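Q: Contents of structure-v6.txt (compact mmCIF, C-alpha atoms) are below:
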```
# COMPACT_ATOMS: atom_id res chain seq x y z
CA MET A 1 0.00 0.00 0.00
CA SER A 2 1.68 3.18 -1.14
CA ASN A 3 0.15 5.28 1.68
CA LYS A 4 0.85 2.77 4.43
CA LEU A 5 1.45 4.71 7.62
CA GLU A 6 4.46 4.05 9.83
CA LYS A 7 4.76 4.65 13.56
CA MET A 8 6.43 8.00 14.14
CA GLY A 9 9.59 6.67 15.81
CA ASP A 10 10.01 3.86 13.27
CA PHE A 11 9.58 6.28 10.37
CA PHE A 12 12.45 8.49 11.48
CA ASP A 13 14.66 5.67 12.77
CA SER A 14 14.60 4.04 9.35
CA ARG A 15 15.65 7.32 7.74
CA THR A 16 18.54 8.24 10.04
CA GLU A 17 21.11 7.60 7.32
CA GLY A 18 20.83 10.44 4.86
CA TYR A 19 18.42 12.40 7.04
CA GLU A 20 20.51 15.56 7.25
CA GLU A 21 21.24 15.61 3.53
CA HIS A 22 17.53 15.17 2.85
CA GLN A 23 16.50 17.94 5.24
CA LEU A 24 19.03 20.45 3.98
CA ASN A 25 18.82 19.72 0.27
CA THR A 26 15.18 18.85 -0.40
CA ILE A 27 13.28 21.11 2.03
CA ASP A 28 12.92 24.63 0.69
CA PHE A 29 14.89 27.24 2.65
CA ALA A 30 16.21 24.72 5.22
CA LYS A 31 19.71 26.15 4.90
CA GLU A 32 18.23 29.47 5.99
CA PHE A 33 15.72 28.54 8.67
CA TYR A 34 17.96 26.22 10.72
CA PRO A 35 20.62 28.92 11.25
CA PHE A 36 17.95 31.59 11.80
CA THR A 37 16.33 29.45 14.50
CA ALA A 38 19.67 28.87 16.22
CA GLY A 39 20.31 32.60 16.22
CA CYS A 40 17.07 33.22 18.11
CA LEU A 41 18.17 31.14 21.11
CA PRO A 42 19.88 32.59 24.21
CA LYS A 43 23.58 33.40 23.96
CA GLU A 44 24.18 33.57 27.72
CA ASN A 45 26.88 31.24 29.00
CA GLY A 46 25.34 27.99 30.26
CA ALA A 47 21.85 28.74 28.94
CA GLN A 48 19.46 25.83 29.48
CA ILE A 49 17.63 24.80 26.30
CA LEU A 50 14.90 22.22 25.71
CA ASP A 51 14.73 20.82 22.16
CA LEU A 52 11.48 19.06 21.23
CA GLY A 53 11.92 16.51 18.45
CA CYS A 54 15.63 17.25 18.26
CA GLY A 55 16.44 14.63 15.60
CA THR A 56 20.12 14.81 14.71
CA GLY A 57 20.36 18.40 15.93
CA LEU A 58 20.57 20.42 12.73
CA GLU A 59 19.73 23.63 14.59
CA LEU A 60 22.30 22.70 17.25
CA ASP A 61 25.08 22.59 14.63
CA VAL A 62 24.80 26.37 14.47
CA TYR A 63 23.69 26.99 18.05
CA PHE A 64 26.76 25.40 19.65
CA SER A 65 28.97 27.61 17.48
CA LEU A 66 27.11 30.63 18.91
CA ASN A 67 26.93 29.35 22.49
CA PRO A 68 29.49 26.56 23.07
CA ASN A 69 28.61 26.19 26.76
CA ALA A 70 24.85 25.89 26.38
CA LYS A 71 23.17 22.98 28.18
CA VAL A 72 20.69 21.20 25.94
CA THR A 73 18.02 18.63 26.77
CA GLY A 74 16.83 16.89 23.62
CA ILE A 75 13.76 14.66 23.31
CA ASP A 76 13.03 12.42 20.33
CA LEU A 77 11.19 9.19 19.49
CA ALA A 78 13.94 7.89 17.20
CA ALA A 79 16.89 6.18 18.88
CA GLY A 80 18.94 6.30 15.70
CA MET A 81 18.60 10.07 15.49
CA LEU A 82 19.67 10.50 19.11
CA ASN A 83 22.71 8.27 18.57
CA GLU A 84 23.79 10.44 15.65
CA LEU A 85 23.30 13.59 17.68
CA LYS A 86 25.30 12.17 20.58
CA LYS A 87 28.21 11.31 18.27
CA LYS A 88 28.18 14.77 16.68
CA PHE A 89 28.27 16.63 19.99
CA SER A 90 30.22 14.24 22.21
CA GLY A 91 31.98 17.09 24.02
CA LYS A 92 28.87 19.16 24.70
CA ASP A 93 26.55 19.31 27.69
CA ILE A 94 23.60 17.38 26.26
CA ASN A 95 20.98 15.29 28.01
CA LEU A 96 19.16 13.07 25.50
CA ILE A 97 15.79 11.47 26.26
CA LEU A 98 14.29 8.73 24.08
CA GLY A 99 10.54 9.16 24.24
CA SER A 100 7.52 11.23 23.30
CA TYR A 101 7.55 14.86 24.35
CA PHE A 102 3.86 14.41 25.09
CA GLU A 103 4.78 11.95 27.85
CA VAL A 104 8.22 13.00 29.13
CA PRO A 105 8.03 15.35 32.17
CA PHE A 106 9.78 18.68 31.61
CA GLY A 107 9.94 19.92 35.20
CA GLU A 108 9.11 23.41 36.46
CA ALA A 109 11.00 26.61 35.56
CA GLN A 110 13.97 24.61 34.29
CA PHE A 111 14.78 26.18 30.93
CA ASP A 112 15.73 29.58 29.56
CA ALA A 113 14.24 28.70 26.17
CA ALA A 114 12.77 25.84 24.19
CA VAL A 115 12.96 25.10 20.49
CA SER A 116 11.33 22.80 17.96
CA VAL A 117 12.10 22.59 14.25
CA GLU A 118 10.07 20.60 11.71
CA SER A 119 8.52 18.29 14.30
CA LEU A 120 5.17 19.59 15.55
CA HIS A 121 3.29 19.66 12.24
CA HIS A 122 1.95 16.16 12.91
CA PHE A 123 -0.48 17.03 15.70
CA THR A 124 -3.84 18.68 16.26
CA LYS A 125 -4.51 21.90 18.12
CA ASP A 126 -6.23 19.91 20.89
CA GLU A 127 -3.20 17.64 21.23
CA LYS A 128 -0.83 20.59 21.35
CA ILE A 129 -2.52 22.68 24.04
CA PRO A 130 -1.65 20.30 26.95
CA LEU A 131 1.89 19.93 25.56
CA TYR A 132 2.32 23.69 25.36
CA THR A 133 0.88 24.10 28.86
CA LYS A 134 3.53 21.69 30.16
CA LEU A 135 6.18 23.50 28.13
CA LYS A 136 5.26 26.94 29.46
CA ALA A 137 5.53 25.64 33.02
CA ALA A 138 9.02 24.33 32.27
CA LEU A 139 10.29 27.74 31.15
CA LYS A 140 11.77 30.27 33.54
CA ASN A 141 10.33 33.77 33.93
CA GLY A 142 11.24 35.63 30.76
CA GLY A 143 11.72 32.36 28.91
CA TYR A 144 10.42 31.69 25.42
CA PHE A 145 9.75 29.03 22.81
CA ILE A 146 10.99 29.21 19.23
CA LEU A 147 8.87 27.10 16.88
CA THR A 148 10.08 26.78 13.31
CA ASP A 149 7.81 24.59 11.23
CA TYR A 150 5.74 24.50 8.11
CA PHE A 151 2.10 25.47 8.23
CA ALA A 152 -1.11 25.06 6.28
CA ILE A 153 -1.89 28.20 4.30
CA THR A 154 -5.69 27.88 4.60
CA ASP A 155 -8.22 26.35 6.98
CA GLU A 156 -9.33 24.12 4.13
CA GLU A 157 -5.83 22.71 3.66
CA GLU A 158 -5.55 22.02 7.39
CA THR A 159 -8.92 20.23 7.46
CA GLU A 160 -8.20 18.23 4.30
CA ARG A 161 -4.89 16.89 5.66
CA ARG A 162 -6.47 15.90 8.98
CA GLN A 163 -9.40 14.16 7.30
CA GLU A 164 -7.03 12.22 5.05
CA LEU A 165 -5.09 10.98 8.09
CA ILE A 166 -8.31 9.89 9.79
CA HIS A 167 -9.31 8.05 6.61
CA LEU A 168 -5.94 6.28 6.32
CA ARG A 169 -5.94 5.24 9.98
CA LYS A 170 -9.41 3.77 9.63
CA GLU A 171 -8.57 2.08 6.33
CA GLN A 172 -5.45 0.51 7.83
CA ASN A 173 -7.19 -0.36 11.12
CA LEU A 174 -4.60 1.46 13.22
CA PRO A 175 -5.08 1.71 16.99
CA ASP A 176 -5.86 4.94 18.80
CA GLY A 177 -3.22 6.34 21.12
CA GLU A 178 -0.30 5.75 18.75
CA PHE A 179 1.32 8.45 16.62
CA TYR A 180 1.80 7.61 12.95
CA HIS A 181 3.77 9.74 10.53
CA TYR A 182 1.59 11.92 8.34
CA ASP A 183 1.92 15.67 7.90
CA THR A 184 -1.09 17.56 9.26
CA PRO A 185 0.07 21.16 9.74
CA LEU A 186 -2.11 23.76 11.40
CA THR A 187 -2.49 27.27 10.08
CA VAL A 188 -0.32 29.88 11.78
CA GLU A 189 -3.42 31.38 13.40
CA HIS A 190 -4.49 28.05 14.90
CA GLU A 191 -0.93 27.46 16.14
CA LYS A 192 -0.97 30.86 17.82
CA GLU A 193 -4.34 30.03 19.39
CA ALA A 194 -2.92 26.79 20.85
CA LEU A 195 0.06 28.60 22.36
CA LEU A 196 -2.06 31.38 23.83
CA ALA A 197 -4.56 28.86 25.21
CA ALA A 198 -1.63 27.19 26.99
CA GLY A 199 -0.87 30.44 28.79
CA PHE A 200 1.91 32.05 26.78
CA SER A 201 1.56 35.82 27.06
CA SER A 202 2.34 36.60 23.43
CA VAL A 203 3.11 34.90 20.13
CA GLU A 204 4.82 36.68 17.23
CA VAL A 205 5.96 35.71 13.77
CA LEU A 206 9.69 36.35 13.52
CA LYS A 207 10.17 35.39 9.88
CA ASN A 208 8.72 33.20 7.19
CA TRP A 209 9.97 31.36 4.15
CA ASP A 210 6.97 30.45 2.02
CA HIS A 211 5.04 27.84 4.09
CA THR A 212 7.68 27.73 6.85
CA TYR A 213 7.38 30.16 9.75
CA ALA A 214 9.43 30.91 12.84
CA LEU A 215 7.23 31.82 15.80
CA LYS A 216 8.27 33.11 19.21
CA ALA A 217 5.98 32.39 22.17
CA THR A 218 6.93 34.27 25.33
CA VAL A 219 6.07 33.24 28.88
```
I'd like the structure from this file rewritten - as structure tokens, please.
A:
Amino acid sequence: MSNKLEKMGDFFDSRTEGYEEHQLNTIDFAKEFYPFTAGCLPKENGAQILDLGCGTGLELDVYFSLNPNAKVTGIDLAAGMLNELKKKFSGKDINLILGSYFEVPFGEAQFDAAVSVESLHHFTKDEKIPLYTKLKAALKNGGYFILTDYFAITDEEETERRQELIHLRKEQNLPDGEFYHYDTPLTVEHEKEALLAAGFSSVEVLKNWDHTYALKATV
């Protein structure tokens, strides 16, 4: 079946080899938005950063050149991706957690900033609000979240993608409660609504590259 869905972690694990080349060379503007995102993160010595869906750490390639002593906690479902990240940054202060950022506890007021790049476009607004509530609580006063991702341009596009995923899950008799890989981006406005509903005080668009936007949500 050409549209057979794969579990999220399995999908990315099986694509670890060649992942970075794919991201940088086939995704429009990736060579711009990864460095831009890194440049938005704190430069203070020892800054504590939480990276949701860190993958192999493409944004960290640039960030550690800007802030070599940053302390990063990275969460990802794909063990292969985390192994690659660990090898790349063996001398850095990185805590890697294999698991779902929906389930992993973040703690309270632990981080100066959080970041996520090209990871959160798989989930609904209702799924994101509890995650963002947990995330806000994990940020220190004055902390912020940089979200760089691609978004649906219209409400109709957002709805169509979600309905197609529901159809495929039903057709393939997939169980509830498991995340399968299929892109279902929200519109920027719906993403902002989710972040504000979670208690962030403000959300602003920092920059966009066609369908990809960098948002900053401040505690």
Q: Here is a test: counting all atoms listed in the file, which residue of A:Trp209, A:Phe151, A:Tyr101, A:Phe179 is nearest to A:Leu50?
A: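 Smallest distance to A:Leu50 is found for A:Tyr101.
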Q: Name the closest residue to A:Asn141 among the candidates A:Leu165, A:Glu127, A:Ala109, A:Leu186; distances are taken between atoms, counting all atoms listed in the file.
A: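 Smallest distance to A:Asn141 is found for A:Ala109.
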Q: Report the distance between atom CA of A:Leu168 and atom CA of A:His122 in Å, rounded to one decimal place.
A: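 Value for the atom CA of A:Leu168-atom CA of A:His122 distance: 14.3 Å.
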Q: Hey, which of A:Lys216, A:Lys128, A:Lys86, A:Lys92 ends up closest to A:Tyr63? Count only C-alpha atoms.
A: A:Lys92
Q: Between atom CA of A:Asp176 and atom CA of A:Leu135, measure the distance and give it in Å to one decimal.
A: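 Between atom CA of A:Asp176 and atom CA of A:Leu135 the gap works out to 24.0 Å.
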Q: Fewer than 4 positions away in the same chain doesn't count, so skip those; otherwise give me all residues within 9 Å of A:Val115, counting all atoms listed in the file, as a ChimeraX atom specification.
A: /A:37-38,41,49-54,144-148
Q: Excluding stretch 193-198 of chain A and its own-chain neighbours fewer than 3 positions away, which residues fall within 10 Å of it when counting all atoms listed in the file? Please give them as a short mmCIF file (atom, residue, chain, number, x, y, z; two decimals) with C-alpha atoms, in the coordinates of the input.
A:
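That gives us selection.cif:
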```
data_model
loop_
_atom_site.label_atom_id
_atom_site.label_comp_id
_atom_site.auth_asym_id
_atom_site.auth_seq_id
_atom_site.Cartn_x
_atom_site.Cartn_y
_atom_site.Cartn_z
CA THR A 124 -3.84 18.68 16.26
CA LYS A 125 -4.51 21.90 18.12
CA ASP A 126 -6.23 19.91 20.89
CA GLU A 127 -3.20 17.64 21.23
CA LYS A 128 -0.83 20.59 21.35
CA ILE A 129 -2.52 22.68 24.04
CA PRO A 130 -1.65 20.30 26.95
CA LEU A 131 1.89 19.93 25.56
CA TYR A 132 2.32 23.69 25.36
CA THR A 133 0.88 24.10 28.86
CA LYS A 134 3.53 21.69 30.16
CA LEU A 135 6.18 23.50 28.13
CA LYS A 136 5.26 26.94 29.46
CA ALA A 137 5.53 25.64 33.02
CA PHE A 145 9.75 29.03 22.81
CA LEU A 186 -2.11 23.76 11.40
CA THR A 187 -2.49 27.27 10.08
CA VAL A 188 -0.32 29.88 11.78
CA GLU A 189 -3.42 31.38 13.40
CA HIS A 190 -4.49 28.05 14.90
CA SER A 201 1.56 35.82 27.06
CA SER A 202 2.34 36.60 23.43
CA VAL A 203 3.11 34.90 20.13
CA LYS A 216 8.27 33.11 19.21
CA ALA A 217 5.98 32.39 22.17
CA THR A 218 6.93 34.27 25.33
CA VAL A 219 6.07 33.24 28.88
#
```
Q: When you look at A:Val62 with a cut-off of 10 Å (counting all atoms listed in the file), what residues show up, excluding the ones that are within fewer than 5 positions of it in the same chain? I need them as number ranges by chain.
A: A: 34-39, 57, 67-68
Q: Give as a list in words the set of residues within 7 Å of the point (9.4, 24.3, 12.2), where distances use the file's coordinates and all atoms listed in the file.
A: Ser116, Val117, Glu118, Ser119, Leu147, Thr148, Asp149, Tyr150, Thr212, Tyr213 and Ala214 of chain A
Q: Return the single residue from A:Ala30, A:Ala79, A:Ala70, A:Leu98 that is closest to A:Thr16, with distances computed using all atoms listed in the file.
A: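 Closest to A:Thr16 of all the choices is A:Ala79.
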Q: Grab the atom CA of A:Ile94 to atom CA of A:Gly143 distance for me, in Å with one decimal place.
A: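 Separation of atom CA of A:Ile94 and atom CA of A:Gly143: 19.3 Å.
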Q: May I have the protein, DNA and RNA residues with an atom at most 12 Å from (4.8, 4.0, 4.4), counting all atoms listed in the file in the file's coordinates, returned as a PyMOL selection string?
A: chain A and resi 1-8+10-12+14-15+168+172+180-182
Q: Mind working out the centre and edge lengths of an axis-aligned box for stretch 41-55 of chain A, all listed atoms inside, 4 Å added to each side, rounded to one decimal in Å and written as AutoDock Vina command-line options?
A:
```
--center_x 19.2 --center_y 24.1 --center_z 22.9 --size_x 23.4 --size_y 26.9 --size_z 22.7
```
Q: With distances taken over only C-alpha atoms, which of A:Ala152, A:Met81, A:Leu66, A:Leu58 is nearest to A:Asp13?
A: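 Of A:Ala152, A:Met81, A:Leu66, A:Leu58, the one nearest A:Asp13 is A:Met81, counting only C-alpha atoms.
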Q: Identify which of the residues A:Thr26, A:Asn173, A:Thr154, A:Thr73 lies closest to A:Gln48, counting only C-alpha atoms when measuring atom-to-atom distances.
A: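 The closest residue to A:Gln48 is A:Thr73.
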Q: I'd like the neighbourhood of A:Asp93 as a list in words, where a residue qualifies if any of its atoms comes within 8 Å (using all atoms listed in the file), though same-chain residues fewer than 5 positions away should be ignored.
A: Asn69, Ala70, Lys71 and Val72 of chain A
Q: Those same residues, written as a tab-separated table (two decimals), in the coordinates of the input with C-alpha atoms?
A:
```tsv
chain	number	residue	atom	x	y	z
A	69	ASN	CA	28.61	26.19	26.76
A	70	ALA	CA	24.85	25.89	26.38
A	71	LYS	CA	23.17	22.98	28.18
A	72	VAL	CA	20.69	21.20	25.94
```
Q: Which residues are near A:Glu164? Cut-off 12 Å, all atoms listed in the file, ignore same chain within fewer than 5 positions. Put them as a list in words.
A: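 After dropping sequence-adjacent residues, the list is Asn3, Leu5, Glu157, Glu158, Thr159, Arg169, Lys170, Glu171, Tyr182, Asp183 and Thr184 of chain A.
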Q: Generate N, CA and C atoms for stretch 80-96 of chain A and emit them as a PDB file, in the frame of the given file.
A:
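Output contents, as saved in out-v4.pdb:
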```pdb
ATOM      1  N   GLY A  80      17.869   6.095  16.663  1.00  0.00           N
ATOM      2  CA  GLY A  80      18.940   6.300  15.700  1.00  0.00           C
ATOM      3  C   GLY A  80      19.330   7.760  15.576  1.00  0.00           C
ATOM      4  N   MET A  81      18.331   8.634  15.572  1.00  0.00           N
ATOM      5  CA  MET A  81      18.600  10.070  15.490  1.00  0.00           C
ATOM      6  C   MET A  81      19.385  10.543  16.716  1.00  0.00           C
ATOM      7  N   LEU A  82      18.986  10.082  17.889  1.00  0.00           N
ATOM      8  CA  LEU A  82      19.670  10.500  19.110  1.00  0.00           C
ATOM      9  C   LEU A  82      21.110   9.991  19.142  1.00  0.00           C
ATOM     10  N   ASN A  83      21.341   8.797  18.627  1.00  0.00           N
ATOM     11  CA  ASN A  83      22.710   8.270  18.570  1.00  0.00           C
ATOM     12  C   ASN A  83      23.590   9.131  17.676  1.00  0.00           C
ATOM     13  N   GLU A  84      23.040   9.566  16.549  1.00  0.00           N
ATOM     14  CA  GLU A  84      23.790  10.440  15.650  1.00  0.00           C
ATOM     15  C   GLU A  84      24.096  11.775  16.314  1.00  0.00           C
ATOM     16  N   LEU A  85      23.105  12.316  17.001  1.00  0.00           N
ATOM     17  CA  LEU A  85      23.300  13.590  17.680  1.00  0.00           C
ATOM     18  C   LEU A  85      24.383  13.467  18.755  1.00  0.00           C
ATOM     19  N   LYS A  86      24.330  12.392  19.492  1.00  0.00           N
ATOM     20  CA  LYS A  86      25.300  12.170  20.580  1.00  0.00           C
ATOM     21  C   LYS A  86      26.721  12.092  20.023  1.00  0.00           C
ATOM     22  N   LYS A  87      26.887  11.422  18.888  1.00  0.00           N
ATOM     23  CA  LYS A  87      28.210  11.310  18.270  1.00  0.00           C
ATOM     24  C   LYS A  87      28.703  12.675  17.788  1.00  0.00           C
ATOM     25  N   LYS A  88      27.805  13.456  17.210  1.00  0.00           N
ATOM     26  CA  LYS A  88      28.180  14.770  16.680  1.00  0.00           C
ATOM     27  C   LYS A  88      28.654  15.720  17.766  1.00  0.00           C
ATOM     28  N   PHE A  89      28.010  15.656  18.926  1.00  0.00           N
ATOM     29  CA  PHE A  89      28.270  16.630  19.990  1.00  0.00           C
ATOM     30  C   PHE A  89      28.790  15.947  21.254  1.00  0.00           C
ATOM     31  N   SER A  90      29.748  15.054  21.079  1.00  0.00           N
ATOM     32  CA  SER A  90      30.220  14.240  22.210  1.00  0.00           C
ATOM     33  C   SER A  90      30.837  15.084  23.328  1.00  0.00           C
ATOM     34  N   GLY A  91      31.347  16.264  22.987  1.00  0.00           N
ATOM     35  CA  GLY A  91      31.980  17.090  24.020  1.00  0.00           C
ATOM     36  C   GLY A  91      31.065  18.141  24.618  1.00  0.00           C
ATOM     37  N   LYS A  92      29.800  18.130  24.226  1.00  0.00           N
ATOM     38  CA  LYS A  92      28.870  19.160  24.700  1.00  0.00           C
ATOM     39  C   LYS A  92      28.007  18.657  25.858  1.00  0.00           C
ATOM     40  N   ASP A  93      27.416  19.620  26.552  1.00  0.00           N
ATOM     41  CA  ASP A  93      26.550  19.310  27.690  1.00  0.00           C
ATOM     42  C   ASP A  93      25.144  19.025  27.176  1.00  0.00           C
ATOM     43  N   ILE A  94      24.890  17.760  26.839  1.00  0.00           N
ATOM     44  CA  ILE A  94      23.600  17.380  26.260  1.00  0.00           C
ATOM     45  C   ILE A  94      23.006  16.213  27.047  1.00  0.00           C
ATOM     46  N   ASN A  95      21.754  16.364  27.390  1.00  0.00           N
ATOM     47  CA  ASN A  95      20.980  15.290  28.010  1.00  0.00           C
ATOM     48  C   ASN A  95      19.944  14.832  26.999  1.00  0.00           C
ATOM     49  N   LEU A  96      20.050  13.576  26.539  1.00  0.00           N
ATOM     50  CA  LEU A  96      19.160  13.070  25.500  1.00  0.00           C
ATOM     51  C   LEU A  96      18.139  12.106  26.100  1.00  0.00           C
TER      52      LEU A  96
END
```
